[in-house]
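entry.pdb (PDB, C-alpha atoms)
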ATOM      1  CA  MET A 176       2.166 -26.753  12.138  1.00  0.00           C
ATOM      2  CA  ASN A 177       5.844 -26.373  13.065  1.00  0.00           C
ATOM      3  CA  ASN A 178       7.608 -23.183  14.110  1.00  0.00           C
ATOM      4  CA  VAL A 179       9.022 -22.513  10.637  1.00  0.00           C
ATOM      5  CA  GLN A 180       5.566 -22.777   9.060  1.00  0.00           C
ATOM      6  CA  GLU A 181       4.048 -20.533  11.740  1.00  0.00           C
ATOM      7  CA  GLU A 182       6.756 -17.927  11.197  1.00  0.00           C
ATOM      8  CA  SER A 183       6.270 -18.074   7.432  1.00  0.00           C
ATOM      9  CA  LEU A 184       2.501 -17.636   7.866  1.00  0.00           C
ATOM     10  CA  ARG A 185       3.032 -14.628  10.149  1.00  0.00           C
ATOM     11  CA  ASP A 186       5.426 -13.102   7.637  1.00  0.00           C
ATOM     12  CA  ARG A 187       2.909 -13.514   4.815  1.00  0.00           C
ATOM     13  CA  LYS A 188       0.141 -11.955   6.904  1.00  0.00           C
ATOM     14  CA  LYS A 189       2.441  -9.095   7.851  1.00  0.00           C
ATOM     15  CA  SER A 190       3.377  -8.525   4.210  1.00  0.00           C
ATOM     16  CA  ARG A 191      -0.283  -8.568   3.112  1.00  0.00           C
ATOM     17  CA  ARG A 192      -1.257  -6.098   5.846  1.00  0.00           C
ATOM     18  CA  ARG A 193       1.608  -3.789   4.922  1.00  0.00           C
ATOM     19  CA  LEU A 194       0.574  -3.814   1.260  1.00  0.00           C
ATOM     20  CA  GLN A 195      -3.063  -3.266   2.242  1.00  0.00           C
ATOM     21  CA  ILE A 196      -2.183  -0.270   4.418  1.00  0.00           C
ATOM     22  CA  LEU A 197      -0.080   1.203   1.615  1.00  0.00           C
ATOM     23  CA  GLU A 198      -2.830   0.737  -0.950  1.00  0.00           C
ATOM     24  CA  ILE A 199      -5.368   2.413   1.326  1.00  0.00           C
ATOM     25  CA  ALA A 200      -3.028   5.328   2.075  1.00  0.00           C
ATOM     26  CA  ARG A 201      -2.185   5.732  -1.622  1.00  0.00           C
ATOM     27  CA  SER A 202      -5.871   5.696  -2.552  1.00  0.00           C
ATOM     28  CA  ILE A 203      -6.777   8.350   0.019  1.00  0.00           C
ATOM     29  CA  ILE A 204      -3.901  10.624  -1.010  1.00  0.00           C
ATOM     30  CA  ALA A 205      -4.678  10.163  -4.714  1.00  0.00           C
ATOM     31  CA  SER A 206      -8.376  10.949  -4.337  1.00  0.00           C
ATOM     32  CA  LYS A 207      -8.453  13.511  -1.518  1.00  0.00           C
ATOM     33  CA  GLY A 208      -4.917  14.806  -1.024  1.00  0.00           C
ATOM     34  CA  LEU A 209      -2.308  14.416   1.695  1.00  0.00           C
ATOM     35  CA  ARG A 210      -4.143  16.625   4.199  1.00  0.00           C
ATOM     36  CA  SER A 211      -7.066  14.203   4.205  1.00  0.00           C
ATOM     37  CA  LEU A 212      -4.902  11.256   5.221  1.00  0.00           C
ATOM     38  CA  LYS A 213      -5.544  10.194   8.830  1.00  0.00           C
ATOM     39  CA  VAL A 214      -4.056   7.142  10.510  1.00  0.00           C
ATOM     40  CA  ARG A 215      -7.434   6.264  12.072  1.00  0.00           C
ATOM     41  CA  ASP A 216      -9.066   6.170   8.629  1.00  0.00           C
ATOM     42  CA  ILE A 217      -6.309   3.873   7.346  1.00  0.00           C
ATOM     43  CA  ALA A 218      -6.711   1.540  10.315  1.00  0.00           C
ATOM     44  CA  ASP A 219     -10.499   1.419   9.983  1.00  0.00           C
ATOM     45  CA  ALA A 220     -10.314   0.678   6.248  1.00  0.00           C
ATOM     46  CA  ALA A 221      -7.694  -2.021   6.845  1.00  0.00           C
ATOM     47  CA  GLY A 222      -9.681  -3.565   9.690  1.00  0.00           C
ATOM     48  CA  CYS A 223      -6.818  -3.200  12.152  1.00  0.00           C
ATOM     49  CA  SER A 224      -5.810  -1.002  15.070  1.00  0.00           C
ATOM     50  CA  VAL A 225      -3.860   2.247  14.851  1.00  0.00           C
ATOM     51  CA  GLY A 226      -1.097   0.437  16.698  1.00  0.00           C
ATOM     52  CA  SER A 227      -0.898  -2.145  13.924  1.00  0.00           C
ATOM     53  CA  VAL A 228      -0.305   0.623  11.382  1.00  0.00           C
ATOM     54  CA  TYR A 229       2.512   1.995  13.506  1.00  0.00           C
ATOM     55  CA  ASN A 230       3.947  -1.493  13.976  1.00  0.00           C
ATOM     56  CA  GLU A 231       4.274  -1.848  10.214  1.00  0.00           C
ATOM     57  CA  PHE A 232       5.760   1.586   9.515  1.00  0.00           C
ATOM     58  CA  ASP A 233       7.142   2.826  12.879  1.00  0.00           C
ATOM     59  CA  ASP A 234       5.164   6.089  12.592  1.00  0.00           C
ATOM     60  CA  PHE A 235       2.762   8.017  10.359  1.00  0.00           C
ATOM     61  CA  ASP A 236       5.655   9.565   8.448  1.00  0.00           C
ATOM     62  CA  GLY A 237       6.703   6.054   7.483  1.00  0.00           C
ATOM     63  CA  VAL A 238       3.409   5.418   5.695  1.00  0.00           C
ATOM     64  CA  ILE A 239       3.554   8.689   3.756  1.00  0.00           C
ATOM     65  CA  LEU A 240       7.232   8.335   2.882  1.00  0.00           C
ATOM     66  CA  THR A 241       6.703   4.829   1.513  1.00  0.00           C
ATOM     67  CA  VAL A 242       3.908   6.092  -0.751  1.00  0.00           C
ATOM     68  CA  ASN A 243       6.098   9.024  -1.797  1.00  0.00           C
ATOM     69  CA  ARG A 244       8.992   6.698  -2.636  1.00  0.00           C
ATOM     70  CA  GLU A 245       6.745   4.686  -4.925  1.00  0.00           C
ATOM     71  CA  THR A 246       5.495   7.870  -6.575  1.00  0.00           C
ATOM     72  CA  VAL A 247       8.954   9.226  -7.383  1.00  0.00           C
ATOM     73  CA  GLN A 248      10.065   5.783  -8.589  1.00  0.00           C
ATOM     74  CA  ALA A 249       7.111   5.659 -10.987  1.00  0.00           C
ATOM     75  CA  LEU A 250       7.825   9.213 -12.158  1.00  0.00           C
ATOM     76  CA  THR A 251      11.508   8.495 -12.776  1.00  0.00           C
ATOM     77  CA  ALA A 252      10.646   5.356 -14.730  1.00  0.00           C
ATOM     78  CA  ARG A 253       8.291   7.345 -16.967  1.00  0.00           C
ATOM     79  CA  LEU A 254      10.828  10.121 -17.508  1.00  0.00           C
ATOM     80  CA  GLY A 255      13.583   7.596 -18.142  1.00  0.00           C
ATOM     81  CA  ALA A 256      11.575   6.086 -21.009  1.00  0.00           C
ATOM     82  CA  VAL A 257      11.661   9.338 -23.030  1.00  0.00           C
ATOM     83  CA  PRO A 258      13.655   8.836 -26.269  1.00  0.00           C
ATOM     84  CA  THR A 259      17.171  10.271 -26.140  1.00  0.00           C
ATOM     85  CA  GLU A 260      18.215  10.375 -29.812  1.00  0.00           C
ATOM     86  CA  ASP A 261      17.573  14.113 -30.235  1.00  0.00           C
ATOM     87  CA  PRO A 262      18.523  16.099 -27.090  1.00  0.00           C
ATOM     88  CA  VAL A 263      16.244  19.038 -27.889  1.00  0.00           C
ATOM     89  CA  ARG A 264      13.252  16.791 -28.481  1.00  0.00           C
ATOM     90  CA  GLN A 265      14.220  14.900 -25.332  1.00  0.00           C
ATOM     91  CA  LEU A 266      13.833  18.086 -23.286  1.00  0.00           C
ATOM     92  CA  TYR A 267      10.352  18.617 -24.703  1.00  0.00           C
ATOM     93  CA  GLY A 268       9.558  14.953 -24.168  1.00  0.00           C
ATOM     94  CA  LEU A 269      10.612  15.150 -20.511  1.00  0.00           C
ATOM     95  CA  ALA A 270       8.370  18.169 -19.958  1.00  0.00           C
ATOM     96  CA  GLU A 271       5.412  16.562 -21.730  1.00  0.00           C
ATOM     97  CA  THR A 272       5.876  13.322 -19.806  1.00  0.00           C
ATOM     98  CA  TYR A 273       6.018  15.229 -16.532  1.00  0.00           C
ATOM     99  CA  LEU A 274       2.793  17.000 -17.480  1.00  0.00           C
ATOM    100  CA  ASP A 275       1.084  13.705 -18.288  1.00  0.00           C
ATOM    101  CA  PHE A 276       2.274  12.087 -15.056  1.00  0.00           C
ATOM    102  CA  PHE A 277       1.236  15.107 -13.002  1.00  0.00           C
ATOM    103  CA  ALA A 278      -2.212  15.194 -14.607  1.00  0.00           C
ATOM    104  CA  GLU A 279      -2.707  11.498 -13.840  1.00  0.00           C
ATOM    105  CA  ASN A 280      -1.242  11.591 -10.301  1.00  0.00           C
ATOM    106  CA  ALA A 281      -1.654  15.187  -9.145  1.00  0.00           C
ATOM    107  CA  ASN A 282      -2.298  14.562  -5.445  1.00  0.00           C
ATOM    108  CA  LEU A 283       0.323  11.838  -5.186  1.00  0.00           C
ATOM    109  CA  LEU A 284       2.958  14.088  -6.725  1.00  0.00           C
ATOM    110  CA  ARG A 285       1.914  17.054  -4.565  1.00  0.00           C
ATOM    111  CA  SER A 286       2.341  14.810  -1.513  1.00  0.00           C
ATOM    112  CA  LEU A 287       5.996  14.401  -2.448  1.00  0.00           C
ATOM    113  CA  PHE A 288       6.538  18.162  -2.181  1.00  0.00           C
ATOM    114  CA  GLU A 289       4.009  18.994   0.555  1.00  0.00           C
ATOM    115  CA  HIS A 290       4.935  16.461   3.213  1.00  0.00           C
ATOM    116  CA  ARG A 291       6.718  17.812   6.285  1.00  0.00           C
ATOM    117  CA  MET A 292       8.292  15.428   8.769  1.00  0.00           C
ATOM    118  CA  GLU A 293       6.969  15.312  12.319  1.00  0.00           C
ATOM    119  CA  ASP A 294       9.040  17.123  14.968  1.00  0.00           C
ATOM    120  CA  ASP A 295      10.971  18.906  12.182  1.00  0.00           C
ATOM    121  CA  ARG A 296      13.033  15.810  11.481  1.00  0.00           C
ATOM    122  CA  PRO A 297      15.104  15.974   8.270  1.00  0.00           C
ATOM    123  CA  TYR A 298      13.614  14.518   5.117  1.00  0.00           C
ATOM    124  CA  PRO A 299      15.159  11.112   4.322  1.00  0.00           C
ATOM    125  CA  ASP A 300      18.273  11.333   2.156  1.00  0.00           C
ATOM    126  CA  ASP A 301      17.178   8.490  -0.110  1.00  0.00           C
ATOM    127  CA  ILE A 302      14.024  10.315  -1.248  1.00  0.00           C
ATOM    128  CA  LEU A 303      15.915  13.574  -1.743  1.00  0.00           C
ATOM    129  CA  GLN A 304      18.411  11.661  -3.886  1.00  0.00           C
ATOM    130  CA  MET A 305      15.601  10.081  -5.893  1.00  0.00           C
ATOM    131  CA  VAL A 306      14.160  13.534  -6.631  1.00  0.00           C
ATOM    132  CA  MET A 307      17.619  14.783  -7.616  1.00  0.00           C
ATOM    133  CA  ASP A 308      17.994  11.781  -9.910  1.00  0.00           C
ATOM    134  CA  ALA A 309      14.746  12.798 -11.605  1.00  0.00           C
ATOM    135  CA  PHE A 310      16.126  16.358 -12.027  1.00  0.00           C
ATOM    136  CA  ALA A 311      19.332  14.882 -13.426  1.00  0.00           C
ATOM    137  CA  LEU A 312      17.512  13.364 -16.393  1.00  0.00           C
ATOM    138  CA  MET A 313      17.621  16.856 -17.914  1.00  0.00           C
ATOM    139  CA  HIS A 314      21.388  17.018 -17.423  1.00  0.00           C
ATOM    140  CA  GLN A 315      22.548  14.951 -20.397  1.00  0.00           C
ATOM    141  CA  PRO A 316      20.363  16.597 -23.074  1.00  0.00           C
ATOM    142  CA  LEU A 317      21.466  20.010 -21.776  1.00  0.00           C
ATOM    143  CA  VAL A 318      25.112  18.932 -22.003  1.00  0.00           C
ATOM    144  CA  ARG A 319      24.527  17.895 -25.603  1.00  0.00           C
ATOM    145  CA  VAL A 320      22.807  21.134 -26.656  1.00  0.00           C
ATOM    146  CA  LEU A 321      25.238  23.325 -24.658  1.00  0.00           C
ATOM    147  CA  PRO A 322      28.590  21.539 -25.033  1.00  0.00           C
ATOM    148  CA  ASP A 323      30.596  24.592 -23.937  1.00  0.00           C
ATOM    149  CA  ALA A 324      28.737  25.088 -20.645  1.00  0.00           C
ATOM    150  CA  ASP A 325      30.402  23.944 -17.434  1.00  0.00           C
ATOM    151  CA  ASP A 326      28.847  21.496 -14.982  1.00  0.00           C
ATOM    152  CA  VAL A 327      27.727  24.225 -12.576  1.00  0.00           C
ATOM    153  CA  LYS A 328      25.782  26.047 -15.290  1.00  0.00           C
ATOM    154  CA  ILE A 329      24.226  22.806 -16.527  1.00  0.00           C
ATOM    155  CA  ALA A 330      23.187  21.842 -12.990  1.00  0.00           C
ATOM    156  CA  LEU A 331      21.570  25.245 -12.425  1.00  0.00           C
ATOM    157  CA  LEU A 332      19.811  25.130 -15.791  1.00  0.00           C
ATOM    158  CA  SER A 333      18.515  21.647 -15.080  1.00  0.00           C
ATOM    159  CA  ARG A 334      17.105  22.744 -11.733  1.00  0.00           C
ATOM    160  CA  THR A 335      15.626  25.924 -13.209  1.00  0.00           C
ATOM    161  CA  LEU A 336      13.925  24.108 -16.072  1.00  0.00           C
ATOM    162  CA  PHE A 337      12.505  21.417 -13.809  1.00  0.00           C
ATOM    163  CA  SER A 338      11.284  23.964 -11.260  1.00  0.00           C
ATOM    164  CA  ALA A 339       9.724  26.224 -13.888  1.00  0.00           C
ATOM    165  CA  VAL A 340       7.945  23.389 -15.691  1.00  0.00           C
ATOM    166  CA  HIS A 341       6.728  22.044 -12.340  1.00  0.00           C
ATOM    167  CA  GLY A 342       5.405  25.474 -11.376  1.00  0.00           C
ATOM    168  CA  ILE A 343       3.573  25.997 -14.670  1.00  0.00           C
ATOM    169  CA  ILE A 344       1.954  22.568 -14.457  1.00  0.00           C
ATOM    170  CA  SER A 345       1.180  22.697 -10.734  1.00  0.00           C
ATOM    171  CA  LEU A 346      -0.572  26.063 -10.957  1.00  0.00           C
ATOM    172  CA  GLY A 347      -2.277  25.116 -14.201  1.00  0.00           C
ATOM    173  CA  LEU A 348      -3.798  22.006 -12.625  1.00  0.00           C
ATOM    174  CA  GLU A 349      -4.746  23.715  -9.344  1.00  0.00           C
ATOM    175  CA  GLU A 350      -8.532  23.435  -9.208  1.00  0.00           C
ATOM    176  CA  ARG A 351      -8.859  25.903  -6.328  1.00  0.00           C
ATOM    177  CA  MET A 352      -7.492  28.610  -8.600  1.00  0.00           C
ATOM    178  CA  VAL A 353      -8.185  28.998 -12.318  1.00  0.00           C
ATOM    179  CA  ALA A 354      -7.438  25.588 -13.799  1.00  0.00           C
ATOM    180  CA  VAL A 355      -6.000  25.635 -17.323  1.00  0.00           C
ATOM    181  CA  PRO A 356      -7.443  23.219 -19.910  1.00  0.00           C
ATOM    182  CA  PRO A 357      -4.962  20.366 -20.599  1.00  0.00           C
ATOM    183  CA  GLN A 358      -4.265  21.303 -24.220  1.00  0.00           C
ATOM    184  CA  MET A 359      -3.671  24.950 -23.339  1.00  0.00           C
ATOM    185  CA  LEU A 360      -1.394  23.901 -20.476  1.00  0.00           C
ATOM    186  CA  ARG A 361       0.602  21.739 -22.875  1.00  0.00           C
ATOM    187  CA  GLN A 362       0.964  24.752 -25.173  1.00  0.00           C
ATOM    188  CA  GLN A 363       2.154  26.919 -22.286  1.00  0.00           C
ATOM    189  CA  VAL A 364       4.842  24.394 -21.356  1.00  0.00           C
ATOM    190  CA  THR A 365       5.976  24.186 -24.979  1.00  0.00           C
ATOM    191  CA  GLN A 366       6.043  27.984 -25.326  1.00  0.00           C
ATOM    192  CA  PHE A 367       8.116  28.289 -22.154  1.00  0.00           C
ATOM    193  CA  LEU A 368      10.670  25.790 -23.479  1.00  0.00           C
ATOM    194  CA  ASP A 369      10.720  27.539 -26.858  1.00  0.00           C
ATOM    195  CA  ALA A 370      11.498  30.892 -25.242  1.00  0.00           C
ATOM    196  CA  HIS A 371      14.027  29.492 -22.760  1.00  0.00           C
ATOM    197  CA  LEU A 372      15.947  27.532 -25.379  1.00  0.00           C
ATOM    198  CA  LEU A 373      16.017  30.525 -27.728  1.00  0.00           C
ATOM    199  CA  GLY A 374      17.454  32.569 -24.863  1.00  0.00           C
ATOM    200  CA  LEU A 375      20.235  29.982 -24.599  1.00  0.00           C
ATOM    201  CA  GLY A 376      20.887  30.159 -28.332  1.00  0.00           C
ATOM    202  CA  VAL A 377      19.281  26.771 -29.041  1.00  0.00           C
ATOM    203  CA  LEU A 378      16.714  26.334 -31.783  1.00  0.00           C
ATOM    204  CA  PRO A 379      13.448  24.926 -30.391  1.00  0.00           C
ATOM    205  CA  ALA A 380      12.100  21.582 -31.591  1.00  0.00           C
ATOM    206  CA  ARG A 381       9.866  21.691 -34.640  1.00  0.00           C
TER     207      ARG A 381
END

In structure tokens, what does this structure look like?
Amino acid sequence: MNNVQEESLRDRKKSRRRLQILEIARSIIASKGLRSLKVRDIADAAGCSVGSVYNEFDDFDGVILTVNRETVQALTARLGAVPTEDPVRQLYGLAETYLDFFAENANLLRSLFEHRMEDDRPYPDDILQMVMDAFALMHQPLVRVLPDADDVKIALLSRTLFSAVHGIISLGLEERMVAVPPQMLRQQVTQFLDAHLLGLGVLPAR
């Protein structure tokens, strides 16, 4: 085997190990939550040393951030697939899609908001931008239903709507408190949007 072949083999092994570590980390977060994720458990499940995990991702933050990037990418893709023909229905569709995604990936989505960087380092700009891009999907339908509003008002409304819907869903799905049945939670989200849109002078979707 020549040097090029050996290097290619090492690269493939490295890529497979990286994917394996990510899959294990994602599985633990999804099933048990971010607080249950330990680098030793990842290494044991992957059949490698703790040092090998760090070699692939620099540090433990790197593992979590990579999983979080994939989560927000999947969320944005789902939200981006909501039909845009009717802006009011689009707003409801975005909220319903967020509810569905949250219900299917509760711990993974919570990890995105719960993770704190080691040594108080700043959160990576690329992930913050990805989250803002997800918020921004509410921007265009709000512009269409409120054509006289300025950009500052639209931006604040978009953030408020996203935050409120997230809060309703997050608390409603919190098993340690009083979990809300899925259908009732869907009704609560719809009722919130009805009331908020009426307050803005927009007729709710029917």

Of the residues A:Asn280, A:Phe367, A:Leu209, A:Asp236, which is the one nearest to Asp295 in chain A, using all atoms listed in the file?
A:Asp236

Please write the residues picked by the PyMOL selection byres ((chain A and resi 312) around 10) on this file as a CSV table (one decimal) with C-alpha atoms, in the coordinates of the input.
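result_17.csv was written with the following content:
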chain,number,residue,atom,x,y,z
A,251,THR,CA,11.5,8.5,-12.8
A,254,LEU,CA,10.8,10.1,-17.5
A,255,GLY,CA,13.6,7.6,-18.1
A,257,VAL,CA,11.7,9.3,-23.0
A,265,GLN,CA,14.2,14.9,-25.3
A,266,LEU,CA,13.8,18.1,-23.3
A,269,LEU,CA,10.6,15.2,-20.5
A,307,MET,CA,17.6,14.8,-7.6
A,308,ASP,CA,18.0,11.8,-9.9
A,309,ALA,CA,14.7,12.8,-11.6
A,310,PHE,CA,16.1,16.4,-12.0
A,311,ALA,CA,19.3,14.9,-13.4
A,313,MET,CA,17.6,16.9,-17.9
A,314,HIS,CA,21.4,17.0,-17.4
A,315,GLN,CA,22.5,15.0,-20.4
A,316,PRO,CA,20.4,16.6,-23.1
A,317,LEU,CA,21.5,20.0,-21.8
A,333,SER,CA,18.5,21.6,-15.1
A,337,PHE,CA,12.5,21.4,-13.8

Nearest residue to Gly208 in chain A out of A:Thr259, A:Tyr267, A:Ala324, A:Ile239, using all atoms listed in the file?
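Smallest separation from Gly208 in chain A among the options: A:Ile239.
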
Set up a box along x, y and z of the file covering all listed atoms of range 238-254 of chain A, add 8 Å on every one of the six sides, and write the centre and edge lengths in Å to one decimal, as JSON.
{"center_x": 7.5, "center_y": 7.4, "center_z": -5.9, "size_x": 24.1, "size_y": 21.4, "size_z": 39.2}

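Among the candidates A:Leu194, A:Ala270, A:Leu321, A:Leu250, the one nearest to Ile344 in chain A when counting all atoms listed in the file is A:Ala270.
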
Quick check on the file I pasted: which residues fall under the PyMOL selection byres ((chain A and resi 197) around 12)? Write them as an MDAnalysis selection string.
chainID A and resid 190:196 198:205 212 214 217:218 220:221 228 231:232 235 237:246

From the list A:Glu271, A:Asp301, A:Asp216, A:Asp233, the nearest residue to Thr365 in chain A using all atoms listed in the file is A:Glu271

List as a PyMOL selection string the residues having at least one atom at most 10 Å from position (6.1, 17.6, -4.6) as given in the file, counting only C-alpha atoms.
chain A and resi 243+246-247+281-290+306+341+345

Just give me the gap between CA of Leu375 in chain A and CA of Leu332 in chain A in Å, one decimal is fine.
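That distance, rounded to one decimal, is 10.1 Å.
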
With distances taken over only C-alpha atoms, which of A:Arg319, A:Thr272, A:Pro356, A:Lys189 is nearest to Asn230 in chain A?
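Distance minimum relative to Asn230 in chain A lands on A:Lys189.
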
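Interatomic distance, CA of Leu372 in chain A to CA of Met359 in chain A: 19.9 Å.
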
Write out as a ChimeraX atom specification each polymer residue whose atoms come within 12 Å of Gln358 in chain A, counting only C-alpha atoms; drop sequence neighbours fewer than 2 positions from it.
/A:271,274-275,278,344,347-348,354-356,360-365

So what do you get for CA of Arg296 in chain A versus CA of Asp234 in chain A, distance-wise?
12.6 Å

Rank A:Glu349, A:Arg334, A:Gly342, A:Val318 by their smallest atom-to-atom distance to Val263 in chain A, using all atoms listed in the file, and report the top residue only.
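Once distances to Val263 in chain A are computed over all atoms listed in the file, the minimum belongs to A:Val318.
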